[in-house]
Structure formats: C-alpha cells, structure tokens
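What follows is the content of data.pdb, which has PDB, C-alpha atoms:
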```pdb
MODEL        1
ATOM      1  CA  MET A 197       0.022 -31.347   3.855
ATOM      2  CA  HIS A 198      -2.507 -28.514   4.149
ATOM      3  CA  VAL A 199      -1.095 -25.062   3.448
ATOM      4  CA  VAL A 200      -2.810 -22.091   5.095
ATOM      5  CA  PHE A 201      -2.383 -18.465   4.094
ATOM      6  CA  GLY A 202      -3.190 -15.617   6.482
ATOM      7  CA  ALA A 203      -2.651 -17.716   9.613
ATOM      8  CA  ASN A 204      -1.925 -14.633  11.720
ATOM      9  CA  GLY A 205      -5.287 -13.166  10.766
ATOM     10  CA  ARG A 206      -8.781 -14.022  11.925
ATOM     11  CA  ALA A 207     -10.035 -16.570   9.390
ATOM     12  CA  GLY A 208      -6.651 -18.026   8.447
ATOM     13  CA  GLY A 209      -5.712 -18.535  12.081
ATOM     14  CA  GLU A 210      -8.964 -20.326  12.886
ATOM     15  CA  THR A 211      -8.564 -22.520   9.799
ATOM     16  CA  ALA A 212      -5.006 -23.513  10.725
ATOM     17  CA  ARG A 213      -6.036 -24.312  14.316
ATOM     18  CA  ALA A 214      -9.027 -26.340  13.117
ATOM     19  CA  LEU A 215      -6.860 -28.410  10.764
ATOM     20  CA  ILE A 216      -4.252 -28.998  13.481
ATOM     21  CA  GLY A 217      -7.055 -30.043  15.829
ATOM     22  CA  MET A 218      -8.175 -32.588  13.230
ATOM     23  CA  GLY A 219      -4.676 -34.091  13.232
ATOM     24  CA  LYS A 220      -3.751 -32.768   9.798
ATOM     25  CA  ALA A 221      -0.247 -31.767   8.782
ATOM     26  CA  VAL A 222      -0.274 -27.996   8.387
ATOM     27  CA  ARG A 223       2.109 -25.478   6.863
ATOM     28  CA  VAL A 224       1.379 -21.801   7.457
ATOM     29  CA  VAL A 225       2.616 -19.151   5.041
ATOM     30  CA  LEU A 226       3.816 -15.967   6.712
ATOM     31  CA  ARG A 227       5.535 -12.802   5.558
ATOM     32  CA  ARG A 228       8.323 -12.786   8.157
ATOM     33  CA  PRO A 229      10.211 -15.578   9.966
ATOM     34  CA  GLY A 230       9.707 -13.906  13.340
ATOM     35  CA  GLN A 231       5.952 -14.492  13.105
ATOM     36  CA  GLY A 232       6.176 -18.272  13.152
ATOM     37  CA  GLY A 233       7.007 -19.117  16.777
ATOM     38  CA  LYS A 234       3.488 -19.880  17.995
ATOM     39  CA  TRP A 235       2.778 -22.061  14.972
ATOM     40  CA  LEU A 236       5.937 -24.093  15.399
ATOM     41  CA  LYS A 237       4.871 -24.749  19.003
ATOM     42  CA  LEU A 238       1.548 -26.067  17.717
ATOM     43  CA  GLY A 239       3.367 -28.465  15.405
ATOM     44  CA  ALA A 240       2.911 -26.643  12.119
ATOM     45  CA  GLU A 241       5.554 -26.042   9.492
ATOM     46  CA  VAL A 242       6.298 -22.432   8.578
ATOM     47  CA  ALA A 243       6.994 -21.113   5.104
ATOM     48  CA  ILE A 244       7.822 -17.536   4.173
ATOM     49  CA  GLY A 245       6.238 -15.898   1.152
ATOM     50  CA  ALA A 246       4.988 -12.575  -0.151
ATOM     51  CA  ILE A 247       1.377 -12.675  -1.300
ATOM     52  CA  GLU A 248       2.182 -10.828  -4.538
ATOM     53  CA  ASP A 249       5.215 -13.028  -5.379
ATOM     54  CA  ALA A 250       4.059 -16.100  -7.313
ATOM     55  CA  ALA A 251       7.478 -17.795  -7.117
ATOM     56  CA  SER A 252       7.695 -17.690  -3.309
ATOM     57  CA  LEU A 253       4.059 -18.737  -3.033
ATOM     58  CA  ALA A 254       4.594 -21.707  -5.334
ATOM     59  CA  ALA A 255       7.534 -22.798  -3.169
ATOM     60  CA  ALA A 256       5.352 -22.538  -0.055
ATOM     61  CA  LEU A 257       2.705 -24.666  -1.796
ATOM     62  CA  LYS A 258       5.117 -27.466  -2.732
ATOM     63  CA  ASP A 259       3.632 -30.934  -2.081
ATOM     64  CA  ALA A 260       0.397 -29.458  -0.752
ATOM     65  CA  SER A 261      -2.633 -31.742  -0.742
ATOM     66  CA  GLY A 262      -4.821 -28.713  -0.155
ATOM     67  CA  ALA A 263      -4.519 -24.960   0.363
ATOM     68  CA  PHE A 264      -6.567 -22.316   2.134
ATOM     69  CA  LEU A 265      -6.159 -19.090   0.181
ATOM     70  CA  LEU A 266      -7.212 -15.519   0.820
ATOM     71  CA  SER A 267      -6.543 -11.975  -0.313
ATOM     72  CA  PRO A 268      -5.309  -9.937   2.684
ATOM     73  CA  PRO A 269      -7.068  -6.640   3.419
ATOM     74  CA  PRO A 270      -5.150  -3.862   1.631
ATOM     75  CA  ALA A 271      -3.231  -1.459   3.847
ATOM     76  CA  ALA A 272      -2.683   1.259   1.245
ATOM     77  CA  GLY A 273      -2.966   2.108  -2.441
ATOM     78  CA  ASP A 274      -5.711   1.132  -4.854
ATOM     79  CA  PRO A 275      -7.407  -1.920  -3.265
ATOM     80  CA  TYR A 276      -8.976  -3.017  -6.558
ATOM     81  CA  ARG A 277      -5.682  -3.064  -8.448
ATOM     82  CA  ARG A 278      -4.091  -4.801  -5.461
ATOM     83  CA  GLY A 279      -6.853  -7.410  -5.551
ATOM     84  CA  GLU A 280      -6.119  -8.142  -9.207
ATOM     85  CA  GLU A 281      -2.396  -8.508  -8.472
ATOM     86  CA  VAL A 282      -2.972 -10.857  -5.532
ATOM     87  CA  GLY A 283      -5.473 -12.964  -7.455
ATOM     88  CA  GLU A 284      -3.097 -13.318 -10.399
ATOM     89  CA  ALA A 285      -0.149 -14.251  -8.154
ATOM     90  CA  LEU A 286      -2.148 -16.861  -6.241
ATOM     91  CA  SER A 287      -3.512 -18.373  -9.444
ATOM     92  CA  ARG A 288      -0.048 -18.664 -10.972
ATOM     93  CA  ALA A 289       1.379 -20.172  -7.783
ATOM     94  CA  VAL A 290      -1.388 -22.770  -7.442
ATOM     95  CA  ARG A 291      -1.041 -23.837 -11.070
ATOM     96  CA  ARG A 292       2.749 -23.982 -10.830
ATOM     97  CA  ALA A 293       2.661 -26.087  -7.652
ATOM     98  CA  GLY A 294      -0.104 -28.353  -8.939
ATOM     99  CA  VAL A 295      -2.263 -28.032  -5.826
ATOM    100  CA  PRO A 296      -5.213 -30.449  -6.173
ATOM    101  CA  ARG A 297      -7.639 -28.864  -3.680
ATOM    102  CA  ILE A 298      -8.325 -25.232  -2.796
ATOM    103  CA  VAL A 299     -10.621 -23.536  -0.330
ATOM    104  CA  ALA A 300     -10.560 -19.805  -1.075
ATOM    105  CA  LEU A 301     -11.967 -17.273   1.382
ATOM    106  CA  SER A 302     -14.417 -14.960  -0.342
ATOM    107  CA  SER A 303     -17.560 -13.207   0.922
ATOM    108  CA  ILE A 304     -21.298 -13.106   0.557
ATOM    109  CA  GLY A 305     -21.874 -10.582  -2.226
ATOM    110  CA  ALA A 306     -18.767 -11.571  -4.196
ATOM    111  CA  GLN A 307     -20.895 -12.475  -7.206
ATOM    112  CA  HIS A 308     -20.904  -8.762  -8.105
ATOM    113  CA  ARG A 309     -17.984  -7.070  -9.848
ATOM    114  CA  GLU A 310     -19.009  -3.649  -8.553
ATOM    115  CA  GLY A 311     -21.356  -1.923  -6.137
ATOM    116  CA  THR A 312     -20.014  -3.789  -3.103
ATOM    117  CA  GLY A 313     -16.935  -1.753  -2.238
ATOM    118  CA  ILE A 314     -14.002  -3.763  -1.037
ATOM    119  CA  ILE A 315     -15.897  -7.049  -1.496
ATOM    120  CA  ALA A 316     -15.387  -6.549  -5.234
ATOM    121  CA  THR A 317     -11.723  -7.482  -4.687
ATOM    122  CA  LEU A 318     -12.982 -10.972  -3.785
ATOM    123  CA  ASN A 319     -14.905 -11.178  -7.017
ATOM    124  CA  SER A 320     -11.515 -10.582  -8.628
ATOM    125  CA  LEU A 321      -9.948 -13.343  -6.517
ATOM    126  CA  GLU A 322     -12.624 -15.813  -7.576
ATOM    127  CA  ARG A 323     -12.211 -14.939 -11.247
ATOM    128  CA  HIS A 324      -8.437 -15.424 -11.135
ATOM    129  CA  LEU A 325      -8.647 -18.740  -9.271
ATOM    130  CA  GLU A 326     -11.342 -20.162 -11.527
ATOM    131  CA  GLY A 327     -10.005 -23.460 -12.874
ATOM    132  CA  ALA A 328      -6.659 -23.135 -11.075
ATOM    133  CA  ALA A 329      -7.101 -26.489  -9.308
ATOM    134  CA  PRO A 330      -9.130 -29.666  -9.999
ATOM    135  CA  SER A 331     -11.201 -29.067  -6.848
ATOM    136  CA  ILE A 332     -11.966 -25.551  -5.655
ATOM    137  CA  VAL A 333     -14.420 -24.203  -3.101
ATOM    138  CA  PHE A 334     -15.160 -20.503  -2.777
ATOM    139  CA  LEU A 335     -16.213 -20.046   0.845
ATOM    140  CA  ARG A 336     -18.406 -16.957   1.132
ATOM    141  CA  PRO A 337     -19.064 -16.083   4.788
ATOM    142  CA  GLY A 338     -21.097 -13.191   6.090
ATOM    143  CA  TYR A 339     -19.803 -10.241   8.109
ATOM    144  CA  PHE A 340     -17.317 -11.425  10.737
ATOM    145  CA  ILE A 341     -18.633 -10.920  14.273
ATOM    146  CA  GLU A 342     -15.007 -10.531  15.352
ATOM    147  CA  THR A 343     -14.768  -7.365  13.238
ATOM    148  CA  TRP A 344     -16.570  -5.648  16.122
ATOM    149  CA  ASP A 345     -13.400  -5.937  18.209
ATOM    150  CA  GLU A 346     -12.232  -2.804  16.359
ATOM    151  CA  VAL A 347     -14.778  -0.730  18.305
ATOM    152  CA  ALA A 348     -15.171  -2.951  21.375
ATOM    153  CA  GLY A 349     -13.011  -0.603  23.437
ATOM    154  CA  SER A 350     -15.674   2.083  23.137
ATOM    155  CA  ALA A 351     -18.407  -0.362  24.149
ATOM    156  CA  ILE A 352     -16.423  -1.458  27.190
ATOM    157  CA  ALA A 353     -15.235   1.966  28.327
ATOM    158  CA  ASP A 354     -18.159   4.211  27.366
ATOM    159  CA  GLY A 355     -21.141   1.947  26.748
ATOM    160  CA  VAL A 356     -21.280   3.107  23.113
ATOM    161  CA  LEU A 357     -20.888   0.857  20.070
ATOM    162  CA  PRO A 358     -20.049   2.895  16.923
ATOM    163  CA  SER A 359     -21.503   1.356  13.778
ATOM    164  CA  PHE A 360     -21.449   1.993  10.043
ATOM    165  CA  LEU A 361     -24.359  -0.458   9.768
ATOM    166  CA  LYS A 362     -27.947   0.677  10.104
ATOM    167  CA  PRO A 363     -28.732  -0.115  13.754
ATOM    168  CA  ALA A 364     -31.785  -2.313  13.166
ATOM    169  CA  GLN A 365     -30.822  -3.905   9.816
ATOM    170  CA  LYS A 366     -30.177  -7.618  10.228
ATOM    171  CA  ILE A 367     -27.424  -8.980   7.999
ATOM    172  CA  PRO A 368     -25.584 -12.303   7.686
ATOM    173  CA  MET A 369     -22.909 -12.424  10.402
ATOM    174  CA  VAL A 370     -20.717 -15.345  11.406
ATOM    175  CA  SER A 371     -17.919 -16.041  13.857
ATOM    176  CA  THR A 372     -14.471 -16.709  12.451
ATOM    177  CA  ILE A 373     -14.488 -19.889  14.577
ATOM    178  CA  ASP A 374     -17.225 -21.206  12.302
ATOM    179  CA  VAL A 375     -15.336 -19.967   9.243
ATOM    180  CA  GLY A 376     -12.200 -21.887  10.249
ATOM    181  CA  ASN A 377     -14.068 -25.064  11.168
ATOM    182  CA  THR A 378     -16.059 -24.973   7.946
ATOM    183  CA  ALA A 379     -12.992 -24.348   5.793
ATOM    184  CA  ALA A 380     -11.180 -27.286   7.417
ATOM    185  CA  ARG A 381     -14.134 -29.625   6.841
ATOM    186  CA  LEU A 382     -14.453 -28.569   3.208
ATOM    187  CA  PHE A 383     -11.110 -30.219   2.455
ATOM    188  CA  GLU A 384     -12.514 -33.621   3.387
ATOM    189  CA  GLY A 385     -14.082 -35.612   0.614
ATOM    190  CA  ALA A 386     -13.377 -32.815  -1.843
ATOM    191  CA  ILE A 387     -15.431 -33.033  -5.010
ATOM    192  CA  ALA A 388     -13.837 -32.319  -8.363
ATOM    193  CA  GLY A 389     -14.965 -29.056  -9.909
ATOM    194  CA  ARG A 390     -16.134 -25.740  -8.515
ATOM    195  CA  ARG A 391     -18.368 -25.102  -5.508
ATOM    196  CA  ILE A 392     -19.618 -21.941  -3.849
ATOM    197  CA  VAL A 393     -20.537 -22.309  -0.184
ATOM    198  CA  GLU A 394     -22.187 -19.417   1.667
ATOM    199  CA  LEU A 395     -21.840 -19.373   5.433
ATOM    200  CA  ARG A 396     -23.939 -17.532   8.001
ATOM    201  CA  GLY A 397     -24.233 -17.717  11.758
ATOM    202  CA  PRO A 398     -27.133 -19.480  13.503
ATOM    203  CA  GLN A 399     -29.245 -16.425  12.607
ATOM    204  CA  ASP A 400     -28.800 -12.942  11.134
ATOM    205  CA  TRP A 401     -28.037 -10.072  13.515
ATOM    206  CA  SER A 402     -28.086  -6.283  13.552
ATOM    207  CA  ALA A 403     -25.792  -3.710  15.130
ATOM    208  CA  ASN A 404     -28.419  -3.329  17.849
ATOM    209  CA  ASP A 405     -28.192  -7.071  18.495
ATOM    210  CA  VAL A 406     -24.409  -6.768  18.809
ATOM    211  CA  ALA A 407     -24.777  -3.872  21.266
ATOM    212  CA  ALA A 408     -27.204  -5.999  23.295
ATOM    213  CA  GLY A 409     -24.653  -8.809  23.204
ATOM    214  CA  PHE A 410     -21.995  -6.534  24.673
ATOM    215  CA  ALA A 411     -24.475  -5.286  27.275
ATOM    216  CA  GLY A 412     -25.233  -8.833  28.331
ATOM    217  CA  VAL A 413     -21.566  -9.785  28.606
ATOM    218  CA  LEU A 414     -20.561  -6.581  30.402
ATOM    219  CA  GLY A 415     -23.589  -6.436  32.665
ATOM    220  CA  ARG A 416     -24.397  -2.809  31.834
ATOM    221  CA  PRO A 417     -26.098  -0.865  29.031
ATOM    222  CA  VAL A 418     -24.430  -0.490  25.646
ATOM    223  CA  GLU A 419     -26.039   1.650  22.939
ATOM    224  CA  THR A 420     -25.498   1.686  19.184
ATOM    225  CA  ALA A 421     -24.104   4.942  17.760
ATOM    226  CA  PHE A 422     -24.780   5.044  14.023
ATOM    227  CA  VAL A 423     -22.115   6.868  11.999
ATOM    228  CA  PRO A 424     -23.752   8.509   8.945
ATOM    229  CA  ARG A 425     -22.267   8.089   5.479
ATOM    230  CA  GLU A 426     -20.900  11.623   5.288
ATOM    231  CA  ALA A 427     -18.906  11.214   8.507
ATOM    232  CA  ARG A 428     -17.278   7.853   7.800
ATOM    233  CA  ALA A 429     -14.327   9.037   5.717
ATOM    234  CA  SER A 430     -13.159  11.358   8.482
ATOM    235  CA  VAL A 431     -13.603   8.627  11.113
ATOM    236  CA  LEU A 432     -11.480   6.232   9.061
ATOM    237  CA  ALA A 433      -8.905   8.955   8.387
ATOM    238  CA  GLN A 434      -8.537   9.492  12.139
ATOM    239  CA  GLU A 435      -7.782   5.775  12.424
ATOM    240  CA  GLY A 436      -5.044   6.082   9.805
ATOM    241  CA  VAL A 437      -6.915   4.400   6.943
ATOM    242  CA  PRO A 438      -5.739   5.787   3.559
ATOM    243  CA  PRO A 439      -8.404   7.509   1.405
ATOM    244  CA  GLU A 440      -8.574   4.842  -1.334
ATOM    245  CA  VAL A 441      -9.005   2.038   1.199
ATOM    246  CA  ALA A 442     -11.511   4.098   3.200
ATOM    247  CA  ASP A 443     -13.580   4.680   0.064
ATOM    248  CA  ALA A 444     -13.650   0.935  -0.665
ATOM    249  CA  LEU A 445     -14.686   0.165   2.922
ATOM    250  CA  CYS A 446     -17.455   2.755   2.777
ATOM    251  CA  GLY A 447     -18.595   1.178  -0.479
ATOM    252  CA  MET A 448     -19.011  -2.160   1.300
ATOM    253  CA  TYR A 449     -21.282  -0.590   3.926
ATOM    254  CA  ASP A 450     -23.254   1.092   1.148
ATOM    255  CA  GLY A 451     -23.693  -2.337  -0.415
ATOM    256  CA  LEU A 452     -24.844  -3.809   2.890
ATOM    257  CA  ALA A 453     -27.316  -0.958   3.421
ATOM    258  CA  SER A 454     -28.790  -1.346  -0.079
ATOM    259  CA  GLY A 455     -29.044  -5.137   0.152
ATOM    260  CA  ARG A 456     -26.616  -5.703  -2.717
ATOM    261  CA  VAL A 457     -24.279  -7.622  -0.391
ATOM    262  CA  GLU A 458     -26.471 -10.666  -0.029
ATOM    263  CA  ALA A 459     -26.600 -14.358  -0.890
ATOM    264  CA  GLU A 460     -26.627 -15.558  -4.474
ATOM    265  CA  GLU A 461     -29.415 -17.891  -5.499
ATOM    266  CA  GLY A 462     -28.429 -21.485  -6.204
ATOM    267  CA  ASN A 463     -25.369 -21.710  -3.973
ATOM    268  CA  GLU A 464     -24.867 -24.152  -1.116
ATOM    269  CA  ARG A 465     -25.721 -22.587   2.239
ATOM    270  CA  LEU A 466     -24.405 -23.559   5.647
ATOM    271  CA  SER A 467     -25.007 -22.164   9.127
ATOM    272  CA  GLY A 468     -22.416 -21.975  11.873
ATOM    273  CA  SER A 469     -23.015 -22.904  15.496
ATOM    274  CA  VAL A 470     -21.288 -20.052  17.375
ATOM    275  CA  GLY A 471     -23.830 -17.628  18.816
ATOM    276  CA  LEU A 472     -23.483 -13.884  19.140
ATOM    277  CA  THR A 473     -22.996 -13.903  22.925
ATOM    278  CA  GLU A 474     -20.226 -16.496  22.717
ATOM    279  CA  ALA A 475     -18.398 -14.508  20.052
ATOM    280  CA  VAL A 476     -18.748 -11.238  21.993
ATOM    281  CA  GLU A 477     -17.491 -12.917  25.177
ATOM    282  CA  ARG A 478     -14.443 -13.963  23.202
ATOM    283  CA  ILE A 479     -13.837 -10.393  22.040
ATOM    284  CA  VAL A 480     -14.106  -9.030  25.571
ATOM    285  CA  HIS A 481     -11.790 -11.678  27.011
ATOM    286  CA  ARG A 482      -9.260 -11.125  24.244
ATOM    287  CA  MET A 483      -9.106  -7.484  25.223
ATOM    288  CA  GLY A 484      -8.139  -8.523  28.723
ATOM    289  CA  ARG A 485     -11.553  -7.870  30.214
ATOM    290  CA  GLY A 486     -13.406 -11.020  31.279
ATOM    291  CA  ALA A 487     -17.164 -10.747  31.635
ATOM    292  CA  GLY A 488     -17.045 -10.885  35.416
ATOM    293  CA  SER A 489     -14.438  -8.180  35.886
ATOM    294  CA  ALA A 490     -15.960  -5.971  33.216
ATOM    295  CA  ALA A 491     -19.319  -6.080  34.911
ATOM    296  CA  ALA A 492     -17.873  -5.134  38.302
TER     297      ALA A 492
ENDMDL
END
```
Kindly transcribe the structure held in the file into structure tokens.
Amino acid sequence: MHVVFGANGRAGGETARALIGMGKAVRVVLRRPGQGGKWLKLGAEVAIGAIEDAASLAAALKDASGAFLLSPPPAAGDPYRRGEEVGEALSRAVRRAGVPRIVALSSIGAQHREGTGIIATLNSLERHLEGAAPSIVFLRPGYFIETWDEVAGSAIADGVLPSFLKPAQKIPMVSTIDVGNTAARLFEGAIAGRRIVELRGPQDWSANDVAAGFAGVLGRPVETAFVPREARASVLAQEGVPPEVADALCGMYDGLASGRVEAEEGNERLSGSVGLTEAVERIVHRMGRGAGSAAA
C-alpha cells in the first residue's frame, strides 16, 4: 500500500494518479471526508488526517509499504514555525507507523536553511525526516510550470503575464506531471539509506519563455509584465495572502533572482519529459479555454 499526502494538490495528485496507473494500491490522506469522492472512484482508499497531528497521520500510514510526504503551503501565520511543526509531526508519524520507504517532496535550493524564503521550510522538512525510515528520497524539483495557472487568467484575457521572476532569467522549471511520475518510480527498487534527487524539465525556461508558450497556445501575443520587488507585497495582499506568508514568498523570488535557489553539487539529477507548450496547453484547457477556442 502506497500512502500519498496532498493528493488534492498539484504534486500529490499527480503522484497518486501515477501510482494508480502503475497498478499500485493507493491510500490518499485528506483533511475532510467530503474530499475523497474522486479518489474512491479511481480505486484508492481514503484516510482522514491533519498534517500537524502525528497520531492521525500514523493511523493513515498503517501498513504502508511506502509514503509520499509533503509540507503543504502555509495559508497563514509564521510559515517557518509551521514548517517545523509539520516536519516534526510527519517524522513522528512515520517512525510510529514503521514506514519502510519514503519519497518526500522538497525543492531545488532546500540545502540552505535561510536566504531562500519559503523554500527554507523544506530544509526543515528534510532535517526532521532524516533517518525516519530505512529508505528515504528527498525529491527536489524546480519551479512548477503549473504555478503559472495563478496568473494565466491575465494572459488569456489581456495578453499580459505578470511575473515576479526576472523576464529573461532561465531557471529550473518542471511540470507536476513529471514530478508525480518521478515520485512514483522512485518507490521501485528503493535503496536503503538517503538519496537526494533533483528534477528539472527538459530544459530551463524564463518568464519570457512562458509568455511565448501562452502566445503559441492562444494564437496571439502575450507579454511578460515584471513586478518589481517593492510592489510584490501589495500585489499579494490584494490576493489575500497574509503578510508573513507574503514575505516568505517574496524571499523565494529573491533567492531565485540571486541564484541561491539552485542545484546542489553531488546530487542525482533527472530531467522530465513534459515540455513547456504541453504544460501551458494543460493550464489553458483546465481553465475551460481550449487552444482552438482561445485563439478564435
């Protein structure tokens, strides 16, 4: 039985679907019973647990042959303290349940304890999970291409793609499809001990590349609109992001701009197969605008 946390999110959902597609028995861990309908239809078991409650997590992990773990993005409060609490709860639950294999979602740049904004919470997750299971893989992907769906509406409606990234700076990006497929494969033939696997897409891309991807899918121009550092807090506030979380998010983009959020020498490196255009097409279709109709 493979237990997957965060199945209603991007990476967790792709991991659960990949494991189900491989014919594996899957149990997804959700916060509320009402969220489980689609997973039951796919043949998965559903367990209910709160990410900060080690007892409920240990129950959800009972009899697991492997577990995909993550620290959900914080909605409010101090994200760094929250990261410590989640890491501690997951570590206690894994040890209590005796899970033999773990794949934990981290991020490129998680080798640093500071200077990377919200990515530092994943450094905390790695530290807490260290030694929690006989076999553990820290999967460190690049920037999710699917994160651009948060501003895709502007690209579709106005031909403008807002970006906190420097327009021409190429960074590691990867589709969550590749993240899920890679995580599922990492459970096979698991090697005892600790591994760090960094995952990129077929190549690195910039915000300008993403804008060009939207332009190609939509069939009309899309331009990058860079949001300067001093304007980002107010933009996030307008979107309802609390100040402490906004500050941590801005810190991540500072780390990307400075090059601190980058690969760590000596780690395993893999490349996904999903290209930028394919991922952008997926975003556009998910928003109810297929490429053909959007271009009309």
- Exactly which residues make up the result of the PyMOL selection byres ((chain A and resi 235) around 12) on this file, given as a ChimeraX atom specification? /A:200,203-204,209,212-213,216,221-226,229-234,236-243
- Item | Distance criterion (all atoms listed in the file): nearest to Ile315 in chain A out of A:Tyr276, A:Phe410, A:Trp344, A:Phe334 |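 The answer is A:Tyr276, which sits nearest to Ile315 in chain A.
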- What separation in Å, quoted to one decimal, exists between CA of Ala271 in chain A and CA of Ala442 in chain A?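 Value for the CA of Ala271 in chain A-CA of Ala442 in chain A distance: 10.0 Å.
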- Message: To one decimal place in Å, what is the distance between CA of Val406 in chain A and CA of Asp374 in chain A?
- Response: 17.4 Å
- Task: Within 10 Å of Glu310 in chain A, counting all atoms listed in the file, which residues show up once you throw out same-chain ones fewer than 6 positions away? Write them as a list in words, please.
- Result: Ala316, Thr317, Asn319, Gly447, Met448, Gly451 and Arg456 of chain A
- Taking all atoms listed in the file into account, which of A:Ser469, A:Asn404, A:Ser261, A:Thr372 comes nearest Arg206 in chain A?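 Using all atoms listed in the file, Arg206 in chain A sits closest to A:Thr372.
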Carefully work through the PyMOL selection byres ((chain A and resi 214) around 9) for this structure and note down the residues it includes, as a PDB file with C-alpha atoms, in the frame of the given file.
```pdb
ATOM      1  CA  GLY A 209      -5.712 -18.535  12.081  1.00  0.00           C
ATOM      2  CA  GLU A 210      -8.964 -20.326  12.886  1.00  0.00           C
ATOM      3  CA  THR A 211      -8.564 -22.520   9.799  1.00  0.00           C
ATOM      4  CA  ALA A 212      -5.006 -23.513  10.725  1.00  0.00           C
ATOM      5  CA  ARG A 213      -6.036 -24.312  14.316  1.00  0.00           C
ATOM      6  CA  LEU A 215      -6.860 -28.410  10.764  1.00  0.00           C
ATOM      7  CA  ILE A 216      -4.252 -28.998  13.481  1.00  0.00           C
ATOM      8  CA  GLY A 217      -7.055 -30.043  15.829  1.00  0.00           C
ATOM      9  CA  MET A 218      -8.175 -32.588  13.230  1.00  0.00           C
ATOM     10  CA  GLY A 219      -4.676 -34.091  13.232  1.00  0.00           C
ATOM     11  CA  LYS A 220      -3.751 -32.768   9.798  1.00  0.00           C
ATOM     12  CA  ILE A 373     -14.488 -19.889  14.577  1.00  0.00           C
ATOM     13  CA  GLY A 376     -12.200 -21.887  10.249  1.00  0.00           C
ATOM     14  CA  ASN A 377     -14.068 -25.064  11.168  1.00  0.00           C
ATOM     15  CA  THR A 378     -16.059 -24.973   7.946  1.00  0.00           C
ATOM     16  CA  ALA A 379     -12.992 -24.348   5.793  1.00  0.00           C
ATOM     17  CA  ALA A 380     -11.180 -27.286   7.417  1.00  0.00           C
ATOM     18  CA  ARG A 381     -14.134 -29.625   6.841  1.00  0.00           C
TER      19      ARG A 381
END
```
- Item | Gap from CA of Phe340 in chain A to CA of Val457 in chain A - Å, one decimal |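 CA of Phe340 in chain A sits 13.7 Å away from CA of Val457 in chain A.
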- Task: Name the residues that the PyMOL selection byres ((chain A and resi 366) around 12) picks from the file above, as a list in words, using the file's chain letters and numbers.
- Result: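 For this structure, the PyMOL selection byres ((chain A and resi 366) around 12) captures Gly338, Tyr339, Leu361, Lys362, Pro363, Ala364, Gln365, Ile367, Pro368, Met369, Arg396, Gly397, Gln399, Asp400, Trp401, Ser402, Ala403, Asn404, Asp405, Val406, Leu452, Ala453, Gly455 and Glu458 of chain A.
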- Item | Residue contacts of Phe383 in chain A (10 Å, all atoms listed in the file) excluding same-chain residues fewer than 5 positions away, as a ChimeraX atom specification | /A:198,215,261-264,297-299,331-333,378
- Query: Given the choices A:Pro296, A:Pro417, A:Gly305, A:Gly436, which gets closest to Leu335 in chain A if the distance is worked out from all atoms listed in the file?
  - Reply: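 Checking each candidate against Leu335 in chain A, we get A:Gly305 as the closest.
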Report as JSON the centre and the edge lengths, in Å to one decimal, of the axis-aligned box holding every listed atom of range 373-392 of chain A, padded by 8 Å on each side.
```
{"center_x": -15.4, "center_y": -27.8, "center_z": 2.3, "size_x": 24.5, "size_y": 31.7, "size_z": 40.5}
```
Only C-alpha atoms, please: range 431-447 of chain A from the block, as a short mmCIF file (atom, residue, chain, number, x, y, z; two decimals), in the first residue's frame.
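Full text of selection.cif as output:
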```
data_model
loop_
_atom_site.label_atom_id
_atom_site.label_comp_id
_atom_site.auth_asym_id
_atom_site.auth_seq_id
_atom_site.Cartn_x
_atom_site.Cartn_y
_atom_site.Cartn_z
CA VAL A 431 0.06 42.55 -5.04
CA LEU A 432 0.00 39.55 -2.71
CA ALA A 433 -2.06 41.47 -0.15
CA GLN A 434 -4.67 42.19 -2.82
CA GLU A 435 -4.85 38.43 -3.41
CA GLY A 436 -5.49 37.84 0.29
CA VAL A 437 -2.04 36.47 1.17
CA PRO A 438 -1.17 37.25 4.83
CA PRO A 439 1.94 39.42 5.41
CA GLU A 440 4.13 36.68 6.94
CA VAL A 441 3.40 34.28 4.08
CA ALA A 442 3.85 37.05 1.51
CA ASP A 443 7.26 37.89 2.97
CA ALA A 444 8.34 34.24 2.72
CA LEU A 445 7.14 34.04 -0.89
CA CYS A 446 8.99 37.22 -1.79
CA GLY A 447 12.08 35.74 -0.16
#
```
